[in-house]
Structure formats: structure tokens, C-alpha cells
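Worksheet for the structure shown next.
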Number of protein chains: 2
Amino acid sequence: MNKIRIGIAGYGNLGRGVEAAVRQNPDMELTAIFTRRGPEGIVPAAPGVPVYKTDAAASVAENVDILIICGGSATDLPVQGPQLAQYFSTIDSFDTHARIPEYFAAMDEAAVQSGHLSIISVGWDPGLFSLNRIYAEAVLPEGTTYTFWGKGVSQGHSDAIRRVSGVKKGIQYTIPVEKAVEQIRQGGQPQLSTREKHTRECFVVADETADKTAIEQAIVTMPNYFSDYDTTVHFISEEEFDRDHTKMPHGGFVIRSGNTACGDNQVIEYALKLESNPAFTASVLVAYARAAYRLVQRGKTGARTVMDIPPALLSPKTGEQLRAELL
Amino acid sequence: MNKIRIGIAGYGNLGRGVEAAVRQNPDMELTAIFTRRGPEGIVPAAPGVPVYKTDAAASVAENVDILIICGGSATDLPVQGPQLAQYFSTIDSFDTHARIPEYFAAMDEAAVQSGHLSIISVGWDPGLFSLNRIYAEAVLPEGTTYTFWGKGVSQGHSDAIRRVSGVKKGIQYTIPVEKAVEQIRQGGQPQLSTREKHTRECFVVADETADKTAIEQAIVTMPNYFSDYDTTVHFISEEEFDRDHTKMPHGGFVIRSGNTACGDNQVIEYALKLESNPAFTASVLVAYARAAYRLVQRGKTGARTVMDIPPALLSPKTGEQLRAELL
């Protein structure tokens with residue numbers, strides 16, 4: 001059987017995660033890495049995999065079955081996605097929830113025109129969490145769905161801390177409020193404010209001469225990022241920071257508490273506890289690359305999301321195996 | 001828009017649950033109930049719904065879009081399923097795991113021949129738990145998946161207790177061993193024996209003259225049902241039994257603990273906490289009836305399982321709504 005030939009566009013944390021994840025899937029091989037700068041200065045962990053400039057991707061498109069685009073959602077994907085969908089069937093992790101409809105439309109247009117298939121917004125949220133929101137709501141039409149994130153590192157909030165004057169290093173953990181989670185697990189359907197769902201915990205290494213009180217005030221009052229939350233700021237040494245705060249754990253819960261028609265309470269919970277957020281996201285992308293490959297083989301084109309994909313297509317096992325072993 | 005016309009075959013706990021669940025879904029209506037005995041002695045909760053003998057089902061097949069077969073897996077479904085698939089597109093909850101391959105083959109043959117579609121083994125296990133086993137294994141190819149059931153009532157084990165001489169009433173709860181669950185949640189991948197995963201707790205009302213020690217011995221040493229487990233037997237009054245032990249709660253967990261390629265531990269958990277097992281199972285059946293209806297409209301035929309069904313088909317919402325609201 002031919003292996004599924006995977007390409008990676010973008011070689012940051014997520015791209016390197018995909019490179020590693022491909023190694024765990026014997027039915028796949030990595031055949032190309034594309035970066036903006038090209039091969040200079042990049043040594044792929046997988047020896048022998050050619051590195052190209054992203055600009056030149058079209059010229060080697062025939063070497064790739066599915067291209068996993070590992071760019072960011074803010075500026076990379078809205079441009080790169082539709083461009084690359086002209087030449088490749090793609091997977092991406094576009095995660096700006098509010099802009100998904102317009103991104104989907106752009107990807108659908110590009111993929112339909114070029115005869116390719118693109119699965120967008122793959123990962124865990126959007127992604128596996130979305131699946132659980134839809135399954136739970138369909139099964140329990142009367143109820144409330146809650147999504148909690150954490151405990152984990154929010155990249156956006158960590159970046160915001162680091163932009164505060166006097167901050168040398170900083171990281172932010174999003175933490176679900178345990179009391180709220182427990183209430184829902186016990187069958188409650190509370191109305192919760194932003195503040196009642198999550199707290200934010202920051203670890204900061206300040207410059208030697210910095211005013212720590214001013215830094216703390218700047219963080220906890222920062223609009224959009226922190227002002228709507230109970231935020232705590234811990235000042236720590238650079239040594240402690242480098243020792244304890246360089247990993248990227250994350251996770252969270254999707255919980256639906258609902259009632260079936262005779263009033264019985266039913267609670268559905270999906271939880272992730274991840275030591276490495278990018279490594280896990282990469283693994284989801286790779287599983288969906290398998291599904292995309294199979295849909296391409298069936299002649300399907302256009303944009304899709306995880307909600308459109310039959311679960312069986314993610315697995316290397318046959319239908320017979322799945323029915324016998326996992327059903 | 002025309003409503004999806006649902007039929008029910010079998011009017012026990014599950015059938016009545018389906019009848020109630022249809023009321024929670026405004027895009028559906030119940031148009032027929034089929035029972036072995038026919039209309040005598042049956043008063044449907046939904047007024048005006050006609051009741052027929054199952055033998056006569058074929059003659060009113062045109063009034064039903066999707067038939068939900070609510071018979072048992074041991075003797076009903078292996079016969080009824082392929083028979084009814086000659087005339088109806090069907091949903092069932094066939095749950096004898098070991099016999100799924102042969103049941104799938106029989107249903108596929110009947111449905112393909114008659115031009116209908118049948119989704120088999122729908123519910124929570126098999127069903128939602130199966131989905132989570134396949135998603136988790138596809139995303140984390142290196143790891144171990146564990147399924148725990150309970151705390152909840154096992155119908156089969158309760159029946160076994162009631163067959164013991166001297167037992168007037170009896171019920172059995174399956175309980176996951178908390179220590180094992182916690183170990184896996186923390187990232188462990190232990191090898192667990194049957195005894196290490198679940199305990200069994202029995203509540204028994206004994207006949208007045210019965211030998212309680214003999215009853216307890218008969219239960220805890222019963223092969224297949226109890227001898228491989230740590231089982232406790234509580235003798236209680238009939239009053240207490242009727243007050244506290246007539247509900248059918250259930251639930252459980254599917255947990256996969258795995259490692260991504262660079263060794264990071266990642267844990268995926270899916271948990272159900274159900275006040276009523278039959279009401280919840282019925283709700284899952286009804287959601288999959290919507291998916292079946294849509295597949296039939298697209299001209300699809302043959303047997304399917306939940307693993308073959310795109311999640312979006314379960315929801316009454318459009319693709320646009322799902323992408324905007326739930327992705």
C-alpha cells in the first residue's frame with residue numbers, strides 16, 4: 001500500500017509537532033517541508049526530507065498528497081490557506097472562532113475551483129471540543145453546554161504580559177473555576193459570568209529596576225485580556241521561570257448538562273489533559289489528514305470541518321476491524 | 001418543511017423513551033407504534049398515534065420514514081432487524097459486542113436488497129463510547145484505552161440475582177474502582193484485571209424464610225456474573241428497595257492515556273452520568289434517526305454504524321449554523 005505523503009507548511013512548534021506525529025503513523029510519510037525562508041538554517045528532525053520556500057510549493061505539489069498548514073490564524077492562514085488550496089488538499093487549525101464562516105467560504109471557493117479538499121479548523125478547540133458540543137447538543141436538545149479551558153498556557157495572554165513595560169519573561173495559565181465545574185457535573189445548569197468560569201494566573205520575571213506594583217496593575221486592569229477575570233500575578237526569579245514554566249500544557253472540558261423528556265438529568269463530559277498542547281494539536285491534524293486523503297480518493301472537493309467527517313475515516317483500521325474491536 | 005416520520009417497534013422502557021424523546025425534537029413526529037401483541041392493552045403516551053401488530057408493519061411502511069427498533073439484542077433484534085429492514089430504514093441498539101460483525105452483515109444484506117438504510121448498535125455503549133474509542137485511538141496511536149461502566153444498574157446482573165432461590169427482589173450496581181480511574185487520569189497506563197476495574201454491589205430483598213447466607217454465597221460465587229469481581233450483598237427491606245432502588249441510573253468513562261511522539265503524556269476522557277439509562281439511550285437513537293433520514297434522502301443504502309456517520313448529520317442545525325455556533 002502506498003503511504004500517505006504529508007507536506008508541512010510552516011515549521012514552528014506546531015509544524016515540528018506534525019513532523020513528529022507523522023512518525024507515529026506507519027501509513028504516512030513526510031515528503032516536504034515548506035517555510036517562508038526556505039531551507040537555510042532549518043534542519044528537519046526527519047533526515048532526508050526536502051525543505052522548500054513556501055513560494056515554490058506549487059512546483060512540487062505532485063510530491064504531496066495532503067498539506068498540513070501550520071501557520072497562525074491571525075495573519076498567516078487567511079492569506080496562505082486559499083493560496084495553498086489552489087495546489088494542495090489541506091488541513092489547518094484556523095481557530096479565530098468569529099471569523100470561521102468567512103474563512104470557510106474562502107477555502108471552499110479555492111478548493112472547489114482547484115479540485116482539492118480542505119478540512120479547516122482542526123485541533124481540539126475548534127476540533128475535538130466542537131465535535132463534543134455537537135454530539136451532546138444533538139443527543140440532549142434540552143440543556144446547556146459549557147466549555148472550560150485549562151489548566152493551561154494561553155499563548156495570547158502570555159504575549160500580552162510580555163508587552164508590559166518592565167516584564168522580562170512572562171507566562172499566563174488559564175484555570176477553570178472548580179466550583180463552577182463541579183456544579184455542572186452534579187447536574188446544575190448555572191448562568192455563569194466570564195469571571196465565574198475562569199481565573200488567570202501569571203508568572204512574571206521583572207527587570208531588575210522595574211516597579212512591580214505598576215506591572216501588576218498594568219496586567220490585572222488590561223482590557224479584553226485580564227480586566228474581566230480574577231487575575232493573580234506572581235513575581236518569580238528567572239531561574240524558577242526557566243525551570244518550571246517553559247512547557248505548554250493545556251486542556252479543558254466540554255460539559256453538557258441536560259434533561260431527557262421525562263425530566264431525568266443527564267450529564268455528558270469530555271475532558272482533555274495535555275502535557276503538550278502543540279504536540280496534541282499536531283496529532284489531531286495528522287489523523288484528519290488521513291480522513292482528507294480518503295475523501296480525496298473518493299473524488300470529494302471543497303471545504304469541510306471536523307463536523308462533516310465520519311469518525312471511521314480517521315482510523316487506519318478497516319471498517320471490519322473497527323466494528324470488531326472498537327464498536 | 002416536512003417532519004421526519006418516526007416509527008417505534010417494541011414498546012418497553014426503550015420504546016417509551018423514544019416516544020418521549022421524539023417530543024423534544026420539533027423536526028420529528030411519531031407516526032406508528034408496532035408491538036407483538038398489537039393495539040390491545042397499549043395506551044401510547046402520545047395521543048392519536050396508531051398502534052399496530054409488528055407482523056402488519058409492512059402494510060403501513062409508507063407512513064414511516066425511519067423505524068427505531070427497540071427490541072432486545074439476545075433474541076429480538078437478530079430476527080426482527082433483518083425482517084424489518086426489508087420494509088423500513090432502521091435504527092437499533094444491538095449491543096452484543098461479540099456478535100456485531102454477523103449482525104452487521106445480516107442487516108447490510110437486507111438493507112441493500114430492499115434499498116433501505118440501517119444504522120445498527122446505536123446508544124452509548126456501543127455508540128457514543130465507541131465514537132470516543134475511535135477518535136481517541138486515531139489521535140493518540142500510542143496509548144491504552146480503558147472503558148469503565150457505572151455507577152449504574154446492570155440489567156443482566158440484576159436478572160441473575162433474581163433467579164437465585166429465596167430472592168424476592170434484587171438489583172445490582174456496577175461500580176468503577178476509583179483508584180484505577182484516578183491512576184489513568186493522572187497519565188498511568190496500568191494493566192488491570194477484571195477485579196481491579198469494577199466492583200459489584202447488590203441490594204436484595206429476601207423471602208421471609210430464606211437463608212441469607214446461602215443467598216449471599218450463591219451470588220458472590222456465580223460464574224461469569226460475579227465470581228471474578230469483589231461483590232458485596234446488602235439485604236434490605238422491601239420498603240427500602242421500593243423507595244431507593246427502582247431507578248435506572250448508569251454512566252461510565254472512556255479514557256485513553258497516550259503519548260505523543262516526543263513523550264508528552266496526553267489524556268482524553270469521555271464521561272456520562274445518567275439518571276435514566278433508557279431515556280438517554282432513546283435520545284441517542286432519535287438523533288441518529290435524523291442522520292439516517294438525511295442519508296436516505298441522499299440515496300444511501302445498506303448498514304452503517306455510528307462510526308460511519310458525519311456528526312453534522314445528527315443536528316437539526318444547518319452547516320452554516322453549526323460552523324458559526326458550535327465549531
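Labels used: A, B, ... for chains in the order of the C-alpha cells, numbers from 1 for residues in each chain, and numbers from 1 for ligands as shown.
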Can you pull out every residue within 10 Å of Lys179 in chain A, counting only C-alpha atoms, but drop anything in the same chain fewer than 6 positions away, and send it as a PyMOL selection string? chain A and resi 185+196-197
Counting only C-alpha atoms, chain A residues within 6 Å of chain B, as a PDB file with N, CA and C atoms, in the first residue's frame:
```
ATOM      1  N   ALA A  20       6.785  15.183  14.027  1.00  0.00           N
ATOM      2  CA  ALA A  20       6.925  14.084  14.984  1.00  0.00           C
ATOM      3  C   ALA A  20       5.724  13.140  14.920  1.00  0.00           C
ATOM      4  N   ALA A  21       4.533  13.700  14.805  1.00  0.00           N
ATOM      5  CA  ALA A  21       3.313  12.874  14.816  1.00  0.00           C
ATOM      6  C   ALA A  21       3.266  11.933  13.614  1.00  0.00           C
ATOM      7  N   PRO A 126     -11.071  25.086  18.039  1.00  0.00           N
ATOM      8  CA  PRO A 126     -12.046  24.193  17.404  1.00  0.00           C
ATOM      9  C   PRO A 126     -11.453  22.833  17.045  1.00  0.00           C
ATOM     10  N   SER A 130     -15.404  20.875  19.481  1.00  0.00           N
ATOM     11  CA  SER A 130     -16.565  21.171  18.631  1.00  0.00           C
ATOM     12  C   SER A 130     -17.407  19.912  18.426  1.00  0.00           C
ATOM     13  N   ALA A 138     -27.015  17.444  20.110  1.00  0.00           N
ATOM     14  CA  ALA A 138     -27.952  16.659  19.301  1.00  0.00           C
ATOM     15  C   ALA A 138     -28.646  15.595  20.158  1.00  0.00           C
ATOM     16  N   VAL A 139     -27.905  15.013  21.088  1.00  0.00           N
ATOM     17  CA  VAL A 139     -28.460  13.939  21.914  1.00  0.00           C
ATOM     18  C   VAL A 139     -29.334  14.498  23.039  1.00  0.00           C
ATOM     19  N   ALA A 261     -36.796  13.780  28.124  1.00  0.00           N
ATOM     20  CA  ALA A 261     -38.162  14.286  28.095  1.00  0.00           C
ATOM     21  C   ALA A 261     -38.940  14.087  29.393  1.00  0.00           C
ATOM     22  N   ASP A 264     -35.380  13.473  33.571  1.00  0.00           N
ATOM     23  CA  ASP A 264     -34.149  12.935  34.141  1.00  0.00           C
ATOM     24  C   ASP A 264     -32.950  13.772  33.708  1.00  0.00           C
ATOM     25  N   ASN A 265     -32.047  14.012  34.669  1.00  0.00           N
ATOM     26  CA  ASN A 265     -30.848  14.781  34.361  1.00  0.00           C
ATOM     27  C   ASN A 265     -29.781  13.862  33.781  1.00  0.00           C
ATOM     28  N   GLN A 266     -29.106  14.352  32.729  1.00  0.00           N
ATOM     29  CA  GLN A 266     -28.084  13.555  32.061  1.00  0.00           C
ATOM     30  C   GLN A 266     -26.890  14.478  31.813  1.00  0.00           C
ATOM     31  N   VAL A 267     -25.697  14.034  32.183  1.00  0.00           N
ATOM     32  CA  VAL A 267     -24.518  14.876  32.038  1.00  0.00           C
ATOM     33  C   VAL A 267     -23.496  14.186  31.150  1.00  0.00           C
ATOM     34  N   ILE A 268     -23.052  14.901  30.123  1.00  0.00           N
ATOM     35  CA  ILE A 268     -22.041  14.406  29.189  1.00  0.00           C
ATOM     36  C   ILE A 268     -20.802  15.279  29.355  1.00  0.00           C
ATOM     37  N   GLU A 269     -19.660  14.655  29.597  1.00  0.00           N
ATOM     38  CA  GLU A 269     -18.440  15.452  29.772  1.00  0.00           C
ATOM     39  C   GLU A 269     -17.314  14.909  28.914  1.00  0.00           C
ATOM     40  N   TYR A 270     -16.592  15.823  28.282  1.00  0.00           N
ATOM     41  CA  TYR A 270     -15.402  15.465  27.506  1.00  0.00           C
ATOM     42  C   TYR A 270     -14.255  16.281  28.074  1.00  0.00           C
ATOM     43  N   ALA A 271     -13.175  15.627  28.410  1.00  0.00           N
ATOM     44  CA  ALA A 271     -12.070  16.325  29.076  1.00  0.00           C
ATOM     45  C   ALA A 271     -10.732  15.979  28.439  1.00  0.00           C
ATOM     46  N   LEU A 272      -9.887  16.966  28.314  1.00  0.00           N
ATOM     47  CA  LEU A 272      -8.521  16.755  27.830  1.00  0.00           C
ATOM     48  C   LEU A 272      -7.538  17.242  28.890  1.00  0.00           C
ATOM     49  N   LYS A 273      -6.466  16.478  29.075  1.00  0.00           N
ATOM     50  CA  LYS A 273      -5.407  16.870  29.997  1.00  0.00           C
ATOM     51  C   LYS A 273      -4.096  16.649  29.248  1.00  0.00           C
ATOM     52  N   LEU A 274      -3.520  17.736  28.773  1.00  0.00           N
ATOM     53  CA  LEU A 274      -2.436  17.649  27.792  1.00  0.00           C
ATOM     54  C   LEU A 274      -1.121  18.169  28.355  1.00  0.00           C
ATOM     55  N   GLU A 275      -0.078  17.363  28.280  1.00  0.00           N
ATOM     56  CA  GLU A 275       1.238  17.860  28.691  1.00  0.00           C
ATOM     57  C   GLU A 275       1.817  18.806  27.644  1.00  0.00           C
ATOM     58  N   SER A 283      -1.179  16.029  16.502  1.00  0.00           N
ATOM     59  CA  SER A 283      -1.678  14.661  16.341  1.00  0.00           C
ATOM     60  C   SER A 283      -3.099  14.644  15.789  1.00  0.00           C
ATOM     61  N   VAL A 284      -3.895  15.630  16.174  1.00  0.00           N
ATOM     62  CA  VAL A 284      -5.252  15.712  15.624  1.00  0.00           C
ATOM     63  C   VAL A 284      -5.176  16.057  14.130  1.00  0.00           C
ATOM     64  N   ALA A 287      -4.316  12.952  12.126  1.00  0.00           N
ATOM     65  CA  ALA A 287      -5.432  11.997  11.985  1.00  0.00           C
ATOM     66  C   ALA A 287      -6.421  12.488  10.922  1.00  0.00           C
ATOM     67  N   MET A 307     -16.863  18.446  11.703  1.00  0.00           N
ATOM     68  CA  MET A 307     -18.247  18.016  11.883  1.00  0.00           C
ATOM     69  C   MET A 307     -18.778  17.268  10.662  1.00  0.00           C
ATOM     70  N   ASP A 308     -18.089  17.424   9.532  1.00  0.00           N
ATOM     71  CA  ASP A 308     -18.522  16.773   8.291  1.00  0.00           C
ATOM     72  C   ASP A 308     -17.862  15.419   8.058  1.00  0.00           C
ATOM     73  N   ILE A 309     -16.945  15.029   8.934  1.00  0.00           N
ATOM     74  CA  ILE A 309     -16.091  13.871   8.654  1.00  0.00           C
ATOM     75  C   ILE A 309     -16.537  12.651   9.456  1.00  0.00           C
ATOM     76  N   PRO A 310     -16.882  11.546   8.795  1.00  0.00           N
ATOM     77  CA  PRO A 310     -17.214  10.324   9.541  1.00  0.00           C
ATOM     78  C   PRO A 310     -16.014   9.860  10.374  1.00  0.00           C
ATOM     79  N   PRO A 311     -16.225   9.563  11.652  1.00  0.00           N
ATOM     80  CA  PRO A 311     -15.117   9.175  12.529  1.00  0.00           C
ATOM     81  C   PRO A 311     -14.268   8.032  11.973  1.00  0.00           C
ATOM     82  N   ALA A 312     -14.881   7.073  11.298  1.00  0.00           N
ATOM     83  CA  ALA A 312     -14.134   5.907  10.805  1.00  0.00           C
ATOM     84  C   ALA A 312     -12.988   6.318   9.882  1.00  0.00           C
ATOM     85  N   LEU A 314     -10.847   8.553  10.245  1.00  0.00           N
ATOM     86  CA  LEU A 314      -9.635   8.974  10.962  1.00  0.00           C
ATOM     87  C   LEU A 314      -8.721   7.811  11.284  1.00  0.00           C
ATOM     88  N   SER A 315      -9.267   6.617  11.298  1.00  0.00           N
ATOM     89  CA  SER A 315      -8.522   5.467  11.801  1.00  0.00           C
ATOM     90  C   SER A 315      -7.859   4.696  10.673  1.00  0.00           C
ATOM     91  N   LEU A 326     -13.577  -1.890  18.196  1.00  0.00           N
ATOM     92  CA  LEU A 326     -13.830  -0.636  18.915  1.00  0.00           C
ATOM     93  C   LEU A 326     -15.299  -0.290  19.106  1.00  0.00           C
ATOM     94  N   LEU A 327     -16.187  -0.914  18.310  1.00  0.00           N
ATOM     95  CA  LEU A 327     -17.600  -0.551  18.425  1.00  0.00           C
ATOM     96  C   LEU A 327     -18.124  -1.006  19.784  1.00  0.00           C
TER      97      LEU A 327
END
```
I want to know what sits within 10 Å of Pro44 in chain B, based on only C-alpha atoms, with residues of the same chain fewer than 4 positions away left out; could you give that as a PDB file with N, CA, C and O atoms, in the first residue's frame?
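Saved result, part22.pdb, follows:
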```
ATOM      1  N   TYR B  11     -42.434  -1.702  22.568  1.00  0.00           N
ATOM      2  CA  TYR B  11     -42.918  -0.615  23.418  1.00  0.00           C
ATOM      3  C   TYR B  11     -42.621  -0.899  24.889  1.00  0.00           C
ATOM      4  O   TYR B  11     -43.476  -0.826  25.752  1.00  0.00           O
ATOM      5  N   ARG B  16     -40.739   3.428  24.997  1.00  0.00           N
ATOM      6  CA  ARG B  16     -41.398   4.585  25.619  1.00  0.00           C
ATOM      7  C   ARG B  16     -40.434   5.769  25.735  1.00  0.00           C
ATOM      8  O   ARG B  16     -40.834   6.932  25.625  1.00  0.00           O
ATOM      9  N   GLU B  19     -40.452   7.390  22.351  1.00  0.00           N
ATOM     10  CA  GLU B  19     -41.689   8.164  22.207  1.00  0.00           C
ATOM     11  C   GLU B  19     -41.547   9.535  22.875  1.00  0.00           C
ATOM     12  O   GLU B  19     -41.895  10.572  22.296  1.00  0.00           O
ATOM     13  N   ILE B  33     -46.626   2.987  16.127  1.00  0.00           N
ATOM     14  CA  ILE B  33     -46.003   2.128  17.135  1.00  0.00           C
ATOM     15  C   ILE B  33     -46.347   0.691  16.770  1.00  0.00           C
ATOM     16  O   ILE B  33     -47.519   0.373  16.510  1.00  0.00           O
ATOM     17  N   PRO B  39     -52.488  -3.375  19.198  1.00  0.00           N
ATOM     18  CA  PRO B  39     -53.021  -2.237  19.970  1.00  0.00           C
ATOM     19  C   PRO B  39     -53.640  -2.610  21.306  1.00  0.00           C
ATOM     20  O   PRO B  39     -53.761  -1.752  22.171  1.00  0.00           O
ATOM     21  N   GLY B  48     -53.313   9.707  19.806  1.00  0.00           N
ATOM     22  CA  GLY B  48     -53.551   9.744  18.366  1.00  0.00           C
ATOM     23  C   GLY B  48     -52.542   8.989  17.540  1.00  0.00           C
ATOM     24  O   GLY B  48     -52.678   8.914  16.321  1.00  0.00           O
ATOM     25  N   VAL B  49     -51.520   8.404  18.172  1.00  0.00           N
ATOM     26  CA  VAL B  49     -50.543   7.638  17.399  1.00  0.00           C
ATOM     27  C   VAL B  49     -51.072   6.214  17.228  1.00  0.00           C
ATOM     28  O   VAL B  49     -51.356   5.542  18.219  1.00  0.00           O
ATOM     29  N   PRO B  50     -51.219   5.743  16.006  1.00  0.00           N
ATOM     30  CA  PRO B  50     -51.769   4.406  15.806  1.00  0.00           C
ATOM     31  C   PRO B  50     -50.800   3.308  16.238  1.00  0.00           C
ATOM     32  O   PRO B  50     -49.588   3.435  16.078  1.00  0.00           O
ATOM     33  N   VAL B  51     -51.381   2.238  16.809  1.00  0.00           N
ATOM     34  CA  VAL B  51     -50.601   1.090  17.252  1.00  0.00           C
ATOM     35  C   VAL B  51     -50.965  -0.115  16.379  1.00  0.00           C
ATOM     36  O   VAL B  51     -52.151  -0.376  16.148  1.00  0.00           O
TER      37      VAL B  51
END
```
